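With CSV, C-alpha atoms inside, this is work_29.csv:
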chain,number,residue,atom,x,y,z
I,1,MET,CA,-53.0,12.4,-40.2
I,2,ASN,CA,-52.1,11.4,-43.7
I,3,GLU,CA,-52.1,13.7,-46.7
I,4,TRP,CA,-55.2,12.2,-48.3
I,5,THR,CA,-57.3,12.8,-45.2
I,6,LEU,CA,-56.1,16.4,-45.2
I,7,ILE,CA,-56.9,16.8,-48.9
I,8,GLU,CA,-60.4,15.3,-48.4
I,9,GLN,CA,-61.0,17.6,-45.5
I,10,LEU,CA,-59.8,20.7,-47.4
I,11,ARG,CA,-62.1,19.7,-50.3
I,12,LYS,CA,-64.9,20.0,-47.8
I,13,GLY,CA,-63.7,23.5,-46.9
I,14,ASP,CA,-62.1,22.6,-43.6
I,15,GLU,CA,-59.8,25.5,-42.7
I,16,THR,CA,-58.0,23.4,-40.0
I,17,ALA,CA,-56.9,21.0,-42.7
I,18,PHE,CA,-55.7,23.9,-44.8
I,19,LYS,CA,-53.7,25.2,-41.8
I,20,LYS,CA,-52.1,21.8,-41.3
I,21,ILE,CA,-51.2,21.6,-45.0
I,22,VAL,CA,-49.6,25.1,-44.9
I,23,GLU,CA,-47.6,24.2,-41.8
I,24,ALA,CA,-46.4,20.9,-43.2
I,25,TRP,CA,-45.3,22.1,-46.6
I,26,GLN,CA,-44.5,25.8,-46.1
I,27,ASP,CA,-40.7,25.1,-46.0
I,28,LEU,CA,-40.8,23.0,-49.1
I,29,VAL,CA,-42.7,25.8,-51.0
I,30,TYR,CA,-40.7,28.7,-49.6
I,31,ASN,CA,-37.3,27.1,-50.1
I,32,THR,CA,-38.1,26.1,-53.7
I,33,ALA,CA,-39.4,29.6,-54.4
I,34,PHE,CA,-36.3,31.1,-52.8
I,35,GLY,CA,-34.0,29.0,-55.0
I,36,ILE,CA,-35.8,30.3,-58.1
I,37,VAL,CA,-36.5,33.9,-57.4
I,38,GLN,CA,-33.4,34.3,-55.3
I,39,ASN,CA,-34.6,36.7,-52.6
I,40,ALA,CA,-36.5,36.4,-49.4
I,41,GLU,CA,-39.2,39.0,-50.1
I,42,ASP,CA,-40.2,37.6,-53.5
I,43,ALA,CA,-40.0,34.0,-52.2
I,44,GLU,CA,-42.5,34.9,-49.5
I,45,ASP,CA,-44.8,36.5,-52.1
I,46,VAL,CA,-44.6,33.4,-54.3
I,47,ALA,CA,-45.1,31.0,-51.4
I,48,GLN,CA,-48.3,32.9,-50.3
I,49,ASP,CA,-49.5,32.8,-53.9
I,50,VAL,CA,-48.9,29.0,-54.1
I,51,PHE,CA,-51.0,28.3,-51.0
I,52,VAL,CA,-53.8,30.6,-52.2
I,53,GLN,CA,-53.9,28.6,-55.4
I,54,VAL,CA,-53.8,25.3,-53.4
I,55,TYR,CA,-56.9,26.4,-51.5
I,56,GLU,CA,-58.7,27.5,-54.6
I,57,SER,CA,-57.9,24.6,-56.8
I,58,ILE,CA,-57.6,21.6,-54.5
I,59,ASN,CA,-60.6,20.1,-56.3
I,60,THR,CA,-58.5,19.9,-59.5
I,61,PHE,CA,-55.8,17.8,-57.7
I,62,LYS,CA,-56.6,14.3,-59.0
I,63,GLY,CA,-54.1,12.5,-56.8
I,64,GLU,CA,-52.1,11.0,-59.7
I,65,SER,CA,-49.0,12.3,-58.0
I,66,LYS,CA,-47.9,13.0,-54.5
I,67,LEU,CA,-49.1,16.3,-52.9
I,68,SER,CA,-45.5,17.4,-52.7
I,69,THR,CA,-45.0,16.9,-56.4
I,70,TRP,CA,-48.1,19.0,-57.1
I,71,LEU,CA,-46.8,21.7,-54.8
I,72,TYR,CA,-43.4,21.7,-56.5
I,73,ARG,CA,-45.1,22.2,-59.9
I,74,ILE,CA,-47.3,25.1,-58.7
I,75,THR,CA,-44.3,26.7,-56.9
I,76,ILE,CA,-42.1,26.5,-60.0
I,77,SER,CA,-44.9,27.8,-62.3
I,78,LYS,CA,-45.6,30.8,-59.9
I,79,ALA,CA,-41.9,31.5,-59.4
I,80,MET,CA,-41.2,31.6,-63.1
I,81,ASP,CA,-44.2,33.8,-63.7
I,82,HIS,CA,-42.9,36.1,-60.9
I,83,ILE,CA,-39.5,36.3,-62.6
I,84,ARG,CA,-41.1,37.0,-66.0
I,85,ARG,CA,-43.3,39.7,-64.5
I,86,LYS,CA,-40.2,41.3,-62.8
I,87,ASN,CA,-38.2,41.2,-66.0
I,88,ARG,CA,-41.0,42.9,-67.8
I,89,LYS,CA,-41.1,45.6,-65.2
I,90,LYS,CA,-37.3,45.9,-65.3
I,91,ARG,CA,-37.3,46.4,-69.1
I,92,PHE,CA,-40.1,49.0,-68.8
I,93,ALA,CA,-38.1,50.8,-66.0
I,94,PHE,CA,-35.0,50.7,-68.2
I,95,VAL,CA,-36.8,52.2,-71.2
I,96,ARG,CA,-38.4,54.8,-68.9
I,97,ALA,CA,-35.0,55.7,-67.4
I,98,LEU,CA,-33.7,56.3,-71.0
I,99,PHE,CA,-36.3,59.0,-71.6
I,100,THR,CA,-36.4,60.5,-68.2
I,101,ASP,CA,-34.0,61.6,-65.5
I,102,ASP,CA,-35.5,59.1,-63.1
I,103,ASN,CA,-32.5,57.0,-62.2
I,104,GLU,CA,-34.4,55.2,-59.4
I,105,ALA,CA,-36.5,53.4,-62.0
I,106,VAL,CA,-33.9,50.8,-62.6
I,107,VAL,CA,-33.8,48.4,-59.7
I,108,HIS,CA,-30.8,46.1,-59.1
I,109,PRO,CA,-31.7,42.9,-57.3
I,110,PRO,CA,-29.9,42.1,-54.1
I,111,ASP,CA,-27.4,39.2,-54.0
I,112,PHE,CA,-28.7,35.7,-53.2
I,113,ASN,CA,-28.5,35.3,-49.5
I,114,HIS,CA,-29.9,31.9,-48.6
I,115,PRO,CA,-30.0,31.4,-44.8
I,116,GLY,CA,-29.3,27.7,-45.2
I,117,VAL,CA,-25.9,28.2,-46.8
I,118,ILE,CA,-22.9,27.9,-44.5
I,119,LEU,CA,-21.2,31.2,-43.8
I,120,ASP,CA,-17.9,30.4,-45.7
I,121,ASN,CA,-19.8,29.7,-48.9
I,122,ARG,CA,-22.1,32.7,-48.9
I,123,GLU,CA,-20.1,34.7,-51.4
I,124,LYS,CA,-19.6,31.8,-53.7
I,125,SER,CA,-23.2,30.7,-53.6
I,126,ALA,CA,-24.2,34.2,-54.5
I,127,THR,CA,-21.9,34.1,-57.5
I,128,LEU,CA,-23.2,30.7,-58.4
I,129,MET,CA,-26.9,31.7,-58.2
I,130,LYS,CA,-26.2,34.8,-60.4
I,131,ALA,CA,-24.9,32.4,-63.0
I,132,VAL,CA,-27.9,30.0,-62.4
I,133,GLY,CA,-30.2,33.0,-63.1
I,134,GLU,CA,-28.8,33.1,-66.7
I,135,LEU,CA,-29.5,29.5,-67.5
I,136,PRO,CA,-32.4,28.5,-69.7
I,137,ASP,CA,-35.6,27.9,-67.7
I,138,ASN,CA,-35.5,24.0,-67.7
I,139,GLN,CA,-31.8,23.8,-66.7
I,140,ARG,CA,-32.4,26.4,-64.0
I,141,ILE,CA,-35.3,24.5,-62.6
I,142,ALA,CA,-33.6,21.1,-62.6
I,143,PHE,CA,-30.4,22.6,-61.0
I,144,THR,CA,-32.3,24.4,-58.3
I,145,LEU,CA,-34.4,21.4,-57.4
I,146,HIS,CA,-31.3,19.3,-57.2
I,147,LYS,CA,-29.0,21.7,-55.3
I,148,ILE,CA,-31.4,23.7,-53.2
I,149,GLU,CA,-34.1,21.1,-52.5
I,150,GLY,CA,-31.8,18.1,-52.7
I,151,LEU,CA,-34.2,16.2,-54.9
I,152,SER,CA,-32.9,13.1,-56.7
I,153,TYR,CA,-33.1,12.9,-60.6
I,154,GLN,CA,-36.0,10.5,-60.3
I,155,GLU,CA,-38.0,13.0,-58.1
I,156,ILE,CA,-37.1,15.9,-60.5
I,157,SER,CA,-38.3,13.9,-63.4
I,158,GLU,CA,-41.7,13.4,-61.7
I,159,VAL,CA,-41.9,17.1,-60.9
I,160,MET,CA,-40.9,18.2,-64.4
I,161,GLU,CA,-43.0,15.4,-66.0
I,162,THR,CA,-40.1,14.1,-68.0
I,163,THR,CA,-37.7,11.1,-68.0
I,164,VAL,CA,-34.7,10.6,-65.8
I,165,SER,CA,-32.3,10.7,-68.7
I,166,SER,CA,-33.7,14.1,-69.8
I,167,VAL,CA,-33.0,15.4,-66.3
I,168,GLU,CA,-29.5,14.0,-66.4
I,169,SER,CA,-29.0,15.7,-69.7
I,170,LEU,CA,-30.4,19.0,-68.3
I,171,MET,CA,-28.1,18.8,-65.3
I,172,HIS,CA,-25.1,18.1,-67.5
I,173,ARG,CA,-25.9,21.0,-69.8
I,174,ALA,CA,-26.5,23.2,-66.8
I,175,LYS,CA,-23.2,22.4,-65.2
I,176,THR,CA,-21.3,22.9,-68.5
I,177,ASN,CA,-23.0,26.3,-69.0
I,178,LEU,CA,-22.3,27.3,-65.4
I,179,LYS,CA,-18.6,26.3,-65.7
I,180,LYS,CA,-18.4,28.5,-68.8
I,181,ASN,CA,-20.1,31.5,-67.2
I,182,LEU,CA,-18.1,31.2,-64.0
I,183,GLU,CA,-14.8,30.9,-65.8
I,184,ASN,CA,-15.6,34.1,-67.7
I,185,PHE,CA,-16.6,35.7,-64.4
I,186,TYR,CA,-13.4,34.8,-62.6
I,187,ARG,CA,-11.2,35.7,-65.6
I,188,GLN,CA,-12.8,39.2,-65.7
I,189,ASP,CA,-12.4,39.5,-61.9
I,190,GLN,CA,-8.7,38.8,-61.9
G,1,MET,CA,-3.3,36.0,-46.9
G,2,GLU,CA,-5.0,33.3,-48.9
G,3,PRO,CA,-3.0,32.3,-52.0
G,4,LYS,CA,-4.7,32.9,-55.4
G,5,ARG,CA,-6.5,29.7,-56.5
G,6,SER,CA,-6.6,28.5,-60.1
G,7,ILE,CA,-9.8,29.3,-62.0
G,8,PRO,CA,-10.9,25.7,-62.5
G,9,ASN,CA,-10.6,25.1,-58.8
G,10,LEU,CA,-12.5,28.3,-58.0
G,11,VAL,CA,-15.3,27.3,-60.5
G,12,GLU,CA,-15.5,23.8,-59.0
G,13,SER,CA,-15.7,25.0,-55.5
G,14,THR,CA,-18.3,27.6,-56.5
G,15,ILE,CA,-20.5,25.0,-58.1
G,16,ASN,CA,-20.2,22.9,-55.0
G,17,SER,CA,-20.9,25.9,-52.7
G,18,LEU,CA,-24.5,24.8,-52.3
G,19,ASP,CA,-23.6,21.4,-51.0
G,20,GLY,CA,-25.1,20.7,-47.5
G,21,VAL,CA,-27.5,23.7,-47.8
G,22,THR,CA,-30.4,23.4,-45.3
G,23,ARG,CA,-34.0,24.5,-46.1
G,24,ALA,CA,-34.9,28.1,-45.6
G,25,SER,CA,-38.2,28.8,-43.8
G,26,PRO,CA,-40.6,31.7,-44.1
G,27,GLY,CA,-40.9,34.0,-41.1
G,28,PRO,CA,-43.3,33.2,-38.3
G,29,PHE,CA,-47.1,33.5,-38.7
G,30,PHE,CA,-46.9,32.5,-42.3
G,31,TYR,CA,-50.3,30.9,-42.2
G,32,THR,CA,-51.8,34.2,-40.9
G,33,ARG,CA,-50.3,36.1,-43.8
G,34,VAL,CA,-51.6,33.5,-46.3
G,35,MET,CA,-55.1,34.0,-44.8
G,36,ALA,CA,-54.7,37.8,-45.0
G,37,ARG,CA,-53.7,37.5,-48.6
G,38,MET,CA,-56.7,35.3,-49.4
G,39,ASP,CA,-59.0,37.9,-47.9
G,40,ALA,CA,-57.4,40.7,-49.9
G,41,GLU,CA,-57.3,38.5,-53.0
G,42,GLU,CA,-60.7,39.6,-54.3
G,43,LYS,CA,-59.1,41.0,-57.4
G,44,ASN,CA,-61.5,43.1,-59.4
G,45,LEU,CA,-62.3,42.3,-62.9
G,46,TRP,CA,-60.5,45.3,-64.4
G,47,GLU,CA,-57.2,44.3,-62.8
G,48,LYS,CA,-57.4,40.9,-64.4
G,49,ALA,CA,-58.5,42.3,-67.7
G,50,THR,CA,-55.6,44.8,-67.7
G,51,ALA,CA,-53.2,42.0,-66.8
G,52,PHE,CA,-54.5,40.0,-69.8
G,53,ILE,CA,-54.5,42.9,-72.3
G,54,THR,CA,-50.9,43.9,-71.4
G,55,ARG,CA,-49.5,40.5,-72.1
G,56,PRO,CA,-47.1,40.7,-75.0
G,57,ILE,CA,-48.7,37.8,-76.8
G,58,VAL,CA,-52.1,39.5,-76.7
G,59,ILE,CA,-50.7,42.8,-77.9
G,60,ALA,CA,-48.9,41.0,-80.8
G,61,VAL,CA,-52.1,39.1,-81.8
G,62,VAL,CA,-54.1,42.4,-81.7
G,63,ILE,CA,-51.5,44.2,-83.8
G,64,CYS,CA,-51.5,41.3,-86.4
G,65,PHE,CA,-55.3,41.3,-86.5
G,66,VAL,CA,-55.5,45.0,-87.1
G,67,LEU,CA,-52.8,44.7,-89.9
G,68,LEU,CA,-54.7,41.9,-91.4
G,69,LEU,CA,-57.9,43.9,-91.4
G,70,ASN,CA,-56.1,46.8,-93.0
G,71,VAL,CA,-54.6,44.7,-95.8
G,72,THR,CA,-58.0,43.0,-96.4
G,73,ALA,CA,-59.7,46.4,-96.6
G,74,MET,CA,-57.1,47.7,-98.9
G,75,PHE,CA,-57.5,44.8,-101.4
G,76,GLN,CA,-61.3,45.0,-101.3
G,77,GLN,CA,-61.0,48.8,-101.9
G,78,ASN,CA,-58.7,48.1,-104.9
G,79,GLU,CA,-61.2,45.5,-106.4
G,80,LEU,CA,-64.1,47.9,-105.9
G,81,SER,CA,-62.4,50.8,-107.5
G,82,SER,CA,-61.3,48.7,-110.5
G,83,GLU,CA,-65.0,47.5,-110.9
G,84,VAL,CA,-66.2,51.1,-110.8
G,85,ALA,CA,-63.6,52.1,-113.3
G,86,SER,CA,-64.6,49.3,-115.7
G,87,GLU,CA,-68.3,50.2,-115.3
G,88,GLN,CA,-67.5,53.8,-116.0
G,89,ALA,CA,-65.5,52.8,-119.1
G,90,ASP,CA,-68.4,50.7,-120.3
G,91,GLY,CA,-70.6,53.8,-119.9
G,92,THR,CA,-68.4,55.9,-122.1
G,93,ILE,CA,-68.3,53.3,-124.9
G,94,VAL,CA,-72.1,53.2,-124.9
G,95,ASP,CA,-72.2,57.0,-125.1
G,96,GLN,CA,-69.6,57.2,-127.8
G,97,TYR,CA,-70.9,54.5,-130.2
G,98,LYS,CA,-74.6,55.0,-129.2
G,99,ILE,CA,-75.1,51.3,-128.7
G,100,ALA,CA,-77.6,51.8,-126.0
G,101,SER,CA,-80.6,49.6,-126.3
G,102,THR,CA,-83.5,51.3,-128.0
G,103,SER,CA,-87.1,50.6,-127.4
G,104,PHE,CA,-90.3,50.9,-129.5
G,105,TYR,CA,-90.9,54.3,-127.9
G,106,ASP,CA,-87.6,55.6,-129.2
G,107,TYR,CA,-88.6,54.8,-132.8
G,108,THR,CA,-92.1,56.2,-132.7
G,109,ASN,CA,-91.2,59.3,-130.8
G,110,ALA,CA,-88.0,60.1,-132.7
G,111,GLU,CA,-87.3,63.8,-132.5
G,112,PRO,CA,-86.5,65.6,-135.6

Write out the structure in this file as structure tokens.
Amino acid sequence: MNEWTLIEQLRKGDETAFKKIVEAWQDLVYNTAFGIVQNAEDAEDVAQDVFVQVYESINTFKGESKLSTWLYRITISKAMDHIRRKNRKKRFAFVRALFTDDNEAVVHPPDFNHPGVILDNREKSATLMKAVGELPDNQRIAFTLHKIEGLSYQEISEVMETTVSSVESLMHRAKTNLKKNLENFYRQDQ
Amino acid sequence: MEPKRSIPNLVESTINSLDGVTRASPGPFFYTRVMARMDAEEKNLWEKATAFITRPIVIAVVICFVLLLNVTAMFQQNELSSEVASEQADGTIVDQYKIASTSFYDYTNAEP
């Protein structure tokens, strides 16, 4: 069954169509969310949120882009919101910890542990993703879509609603910043 | 023991450490959890309102609005008090130089 038939059926409130959409695109959404929020629990949370939004706002999907492009956009937006919310909580917890003896208030996130990364590269990928987390939002999104989801620059430009040359520039800047951050990291480590 | 690698090599291999990564999948019964989430999603209005009010941009706008109100009120108060002061000053001049308007009644009923 093609995606347009599924969309039409979902618009009519068909839950079977929704189930098929979730099953067909859950890996795309979860993996993208994982790349951005960098831990399994949060990625699951974001992925659920994305499909709830898909169910509620399928009527606003005009079909100007592919369904997968629309899903990427929703996932990125939800994942970035999740990070901002978490950072706000972290700041609040930090301030609270300054004024109280509650040391448990400051939560340190676990290392990036993507199940799809080969075992030999686990440690390095965790170091890399820590550095990716410090990039500006646009560079972070472009890098994650390219490296974690394997999207081409053309596909990334469609998701981010920009030109291919902008994506190239974002990727170039992301790599330069990453190199700088990683060099500092390894120098301190030695 | 693995020999120490140069930093540029380490950086390069770290950046390439995600090459060949395969997609991660959510745990089993993901659809069931989405449906459960949708059932529980009946967020009450207060929760949404609180989330909106606690957004930093909303707080900043409210603070600016209150400050603006205060400044406006302060200027209006100043203008009002200067008007009252000038009115009072006018009153004293009238009293001192007796230039108040007199009517026919004042002439005819002049007291000794």

Please build the interface table for chain I against chain G with a cut-off of 8 Å, listing for each qualifying residue the nearest atom pair and the distance in Å to one decimal; count all atoms listed in the file, order rows by chain and increasing number, and write it as JSON lines.
{"residue": "I:Lys19", "atom": "CA", "partner": "G:Tyr31", "partner_atom": "CA", "distance": 6.6}
{"residue": "I:Val22", "atom": "CA", "partner": "G:Tyr31", "partner_atom": "CA", "distance": 6.4}
{"residue": "I:Glu23", "atom": "CA", "partner": "G:Tyr31", "partner_atom": "CA", "distance": 7.2}
{"residue": "I:Gln26", "atom": "CA", "partner": "G:Ser25", "partner_atom": "CA", "distance": 7.3}
{"residue": "I:Asp27", "atom": "CA", "partner": "G:Ser25", "partner_atom": "CA", "distance": 5.0}
{"residue": "I:Leu28", "atom": "CA", "partner": "G:Arg23", "partner_atom": "CA", "distance": 7.6}
{"residue": "I:Tyr30", "atom": "CA", "partner": "G:Pro26", "partner_atom": "CA", "distance": 6.3}
{"residue": "I:Asn31", "atom": "CA", "partner": "G:Ala24", "partner_atom": "CA", "distance": 5.2}
{"residue": "I:Phe34", "atom": "CA", "partner": "G:Ala24", "partner_atom": "CA", "distance": 7.9}
{"residue": "I:Glu44", "atom": "CA", "partner": "G:Pro26", "partner_atom": "CA", "distance": 6.6}
{"residue": "I:Gln48", "atom": "CA", "partner": "G:Val34", "partner_atom": "CA", "distance": 5.2}
{"residue": "I:Asp49", "atom": "CA", "partner": "G:Val34", "partner_atom": "CA", "distance": 7.9}
{"residue": "I:Phe51", "atom": "CA", "partner": "G:Val34", "partner_atom": "CA", "distance": 7.0}
{"residue": "I:Val52", "atom": "CA", "partner": "G:Met38", "partner_atom": "CA", "distance": 6.2}
{"residue": "I:His114", "atom": "CA", "partner": "G:Ala24", "partner_atom": "CA", "distance": 7.0}
{"residue": "I:Pro115", "atom": "CA", "partner": "G:Ala24", "partner_atom": "CA", "distance": 6.0}
{"residue": "I:Gly116", "atom": "CA", "partner": "G:Thr22", "partner_atom": "CA", "distance": 4.4}
{"residue": "I:Val117", "atom": "CA", "partner": "G:Val21", "partner_atom": "CA", "distance": 4.9}
{"residue": "I:Ile118", "atom": "CA", "partner": "G:Val21", "partner_atom": "CA", "distance": 7.0}
{"residue": "I:Asn121", "atom": "CA", "partner": "G:Ser17", "partner_atom": "CA", "distance": 5.5}
{"residue": "I:Arg122", "atom": "CA", "partner": "G:Ser17", "partner_atom": "CA", "distance": 7.9}
{"residue": "I:Lys124", "atom": "CA", "partner": "G:Thr14", "partner_atom": "CA", "distance": 5.2}
{"residue": "I:Ser125", "atom": "CA", "partner": "G:Ser17", "partner_atom": "CA", "distance": 5.4}
{"residue": "I:Thr127", "atom": "CA", "partner": "G:Thr14", "partner_atom": "CA", "distance": 7.5}
{"residue": "I:Leu128", "atom": "CA", "partner": "G:Thr14", "partner_atom": "CA", "distance": 6.1}
{"residue": "I:Lys147", "atom": "CA", "partner": "G:Leu18", "partner_atom": "CA", "distance": 6.2}
{"residue": "I:Ile148", "atom": "CA", "partner": "G:Val21", "partner_atom": "CA", "distance": 6.7}
{"residue": "I:Glu149", "atom": "CA", "partner": "G:Arg23", "partner_atom": "CA", "distance": 7.2}
{"residue": "I:Leu178", "atom": "CA", "partner": "G:Ile15", "partner_atom": "CA", "distance": 7.9}
{"residue": "I:Lys179", "atom": "CA", "partner": "G:Val11", "partner_atom": "CA", "distance": 6.2}
{"residue": "I:Leu182", "atom": "CA", "partner": "G:Val11", "partner_atom": "CA", "distance": 5.9}
{"residue": "I:Glu183", "atom": "CA", "partner": "G:Val11", "partner_atom": "CA", "distance": 6.4}
{"residue": "I:Tyr186", "atom": "CA", "partner": "G:Ile7", "partner_atom": "CA", "distance": 6.6}
{"residue": "I:Arg187", "atom": "CA", "partner": "G:Ile7", "partner_atom": "CA", "distance": 7.5}

Inset, instruction - Find the residues near Asp42 of chain I: any atom within 12 Å, counting only C-alpha atoms, skip ones fewer than 3 places away on the same chain, and give them as a VMD selection string. - result: (chain I and resid 30 to 39 45 to 49 78 to 83 85 to 86 109 to 110 112) or (chain G and resid 26)

Legend entry - Spatial sel., origin (-60.0, 18.8, -49.9), limit 12 Å, all atoms listed in the file, listed as JSON, numbers by chain: {"I": [3, 4, 5, 6, 7, 8, 9, 10, 11, 12, 13, 14, 15, 16, 17, 18, 21, 54, 55, 56, 57, 58, 59, 60, 61, 62, 63, 67]}

Inset, instruction - Using all atoms listed in the file, find the one residue out of I:Ala40, I:Val132, I:Val95, I:Ile76 that sits nearest to Asn177 of chain I. - result: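 Among I:Ala40, I:Val132, I:Val95, I:Ile76, it is I:Val132 that comes nearest to Asn177 of chain I.
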
Legend entry - Å distance separating atom CA of Ile59 of chain G from atom CA of Asp137 of chain I, one decimal place: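 Atom CA of Ile59 of chain G sits 23.5 Å away from atom CA of Asp137 of chain I.
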
Legend entry - Residue among I:Met160, I:Glu41, I:Tyr153, I:His172 lying closest to Asn113 of chain I, counting all atoms listed in the file: I:Glu41

Inset, instruction - Go through I:Glu64, I:Phe94, I:Ile141, I:Glu123 one by one, measure the shortest atom-to-atom distance of each to Ser77 of chain I using all atoms listed in the file, and give the residue with the smallest value. - result: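 When distances to Ser77 of chain I are compared using all atoms listed in the file, the smallest one comes from I:Ile141.
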
Inset, instruction - Report the distance between atom CA of Glu83 of chain G and atom CA of Cys64 of chain G in Å, rounded to one decimal place. - result: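 Going from atom CA of Glu83 of chain G over to atom CA of Cys64 of chain G, I get 28.7 Å.
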
Inset, instruction - Would you mind reading off the distance between atom CA of Gln188 of chain I and atom CA of Arg91 of chain I, one decimal, in Å? - result: 25.8 Å

Legend entry - Answer as a ChimeraX atom specification, residues within 10 Å of (-32.2, 14.7, -68.4) using all atoms listed in the file: /I:138-139,142,153-154,156-157,162-173

Using the selection just defined, write its residues with C-alpha atoms as a short mmCIF file (atom, residue, chain, number, x, y, z; two decimals), in the frame of the given file.
data_model
loop_
_atom_site.label_atom_id
_atom_site.label_comp_id
_atom_site.auth_asym_id
_atom_site.auth_seq_id
_atom_site.Cartn_x
_atom_site.Cartn_y
_atom_site.Cartn_z
CA ASN I 138 -35.50 24.00 -67.70
CA GLN I 139 -31.80 23.80 -66.70
CA ALA I 142 -33.60 21.10 -62.60
CA TYR I 153 -33.10 12.90 -60.60
CA GLN I 154 -36.00 10.50 -60.30
CA ILE I 156 -37.10 15.90 -60.50
CA SER I 157 -38.30 13.90 -63.40
CA THR I 162 -40.10 14.10 -68.00
CA THR I 163 -37.70 11.10 -68.00
CA VAL I 164 -34.70 10.60 -65.80
CA SER I 165 -32.30 10.70 -68.70
CA SER I 166 -33.70 14.10 -69.80
CA VAL I 167 -33.00 15.40 -66.30
CA GLU I 168 -29.50 14.00 -66.40
CA SER I 169 -29.00 15.70 -69.70
CA LEU I 170 -30.40 19.00 -68.30
CA MET I 171 -28.10 18.80 -65.30
CA HIS I 172 -25.10 18.10 -67.50
CA ARG I 173 -25.90 21.00 -69.80
#

Where atoms are missing, can you supply N, CA and C atoms for segment 19-34 of chain G and output the lot as a PDB file, in the frame of the given file?
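Final file, out-v3.pdb:
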ATOM      1  N   ASP G  19     -23.583  22.702 -51.605  1.00  0.00           N
ATOM      2  CA  ASP G  19     -23.600  21.400 -51.000  1.00  0.00           C
ATOM      3  C   ASP G  19     -23.903  21.529 -49.479  1.00  0.00           C
ATOM      4  N   GLY G  20     -24.785  20.724 -48.981  1.00  0.00           N
ATOM      5  CA  GLY G  20     -25.100  20.700 -47.500  1.00  0.00           C
ATOM      6  C   GLY G  20     -25.984  21.896 -47.127  1.00  0.00           C
ATOM      7  N   VAL G  21     -26.599  22.553 -48.106  1.00  0.00           N
ATOM      8  CA  VAL G  21     -27.500  23.700 -47.800  1.00  0.00           C
ATOM      9  C   VAL G  21     -28.732  23.136 -47.024  1.00  0.00           C
ATOM     10  N   THR G  22     -29.173  23.861 -46.009  1.00  0.00           N
ATOM     11  CA  THR G  22     -30.400  23.400 -45.300  1.00  0.00           C
ATOM     12  C   THR G  22     -31.566  24.283 -45.784  1.00  0.00           C
ATOM     13  N   ARG G  23     -32.764  23.776 -45.554  1.00  0.00           N
ATOM     14  CA  ARG G  23     -34.000  24.500 -46.100  1.00  0.00           C
ATOM     15  C   ARG G  23     -34.171  25.825 -45.387  1.00  0.00           C
ATOM     16  N   ALA G  24     -34.561  26.796 -46.203  1.00  0.00           N
ATOM     17  CA  ALA G  24     -34.900  28.100 -45.600  1.00  0.00           C
ATOM     18  C   ALA G  24     -36.404  28.051 -45.251  1.00  0.00           C
ATOM     19  N   SER G  25     -36.771  28.748 -44.208  1.00  0.00           N
ATOM     20  CA  SER G  25     -38.200  28.800 -43.800  1.00  0.00           C
ATOM     21  C   SER G  25     -38.717  30.183 -43.857  1.00  0.00           C
ATOM     22  N   PRO G  26     -40.011  30.310 -44.132  1.00  0.00           N
ATOM     23  CA  PRO G  26     -40.600  31.700 -44.100  1.00  0.00           C
ATOM     24  C   PRO G  26     -40.630  32.164 -42.666  1.00  0.00           C
ATOM     25  N   GLY G  27     -40.870  33.453 -42.498  1.00  0.00           N
ATOM     26  CA  GLY G  27     -40.900  34.000 -41.100  1.00  0.00           C
ATOM     27  C   GLY G  27     -42.095  33.437 -40.356  1.00  0.00           C
ATOM     28  N   PRO G  28     -42.153  33.727 -39.069  1.00  0.00           N
ATOM     29  CA  PRO G  28     -43.300  33.200 -38.300  1.00  0.00           C
ATOM     30  C   PRO G  28     -44.616  33.764 -38.707  1.00  0.00           C
ATOM     31  N   PHE G  29     -45.681  33.077 -38.334  1.00  0.00           N
ATOM     32  CA  PHE G  29     -47.100  33.500 -38.700  1.00  0.00           C
ATOM     33  C   PHE G  29     -47.327  33.487 -40.174  1.00  0.00           C
ATOM     34  N   PHE G  30     -46.684  32.564 -40.875  1.00  0.00           N
ATOM     35  CA  PHE G  30     -46.900  32.500 -42.300  1.00  0.00           C
ATOM     36  C   PHE G  30     -48.313  32.201 -42.685  1.00  0.00           C
ATOM     37  N   TYR G  31     -48.925  31.288 -41.926  1.00  0.00           N
ATOM     38  CA  TYR G  31     -50.300  30.900 -42.200  1.00  0.00           C
ATOM     39  C   TYR G  31     -51.242  32.140 -42.102  1.00  0.00           C
ATOM     40  N   THR G  32     -50.981  32.963 -41.088  1.00  0.00           N
ATOM     41  CA  THR G  32     -51.800  34.200 -40.900  1.00  0.00           C
ATOM     42  C   THR G  32     -51.683  35.095 -42.110  1.00  0.00           C
ATOM     43  N   ARG G  33     -50.456  35.192 -42.617  1.00  0.00           N
ATOM     44  CA  ARG G  33     -50.300  36.100 -43.800  1.00  0.00           C
ATOM     45  C   ARG G  33     -50.924  35.485 -45.025  1.00  0.00           C
ATOM     46  N   VAL G  34     -50.937  34.162 -45.133  1.00  0.00           N
ATOM     47  CA  VAL G  34     -51.600  33.500 -46.300  1.00  0.00           C
ATOM     48  C   VAL G  34     -53.123  33.834 -46.207  1.00  0.00           C
TER      49      VAL G  34
END
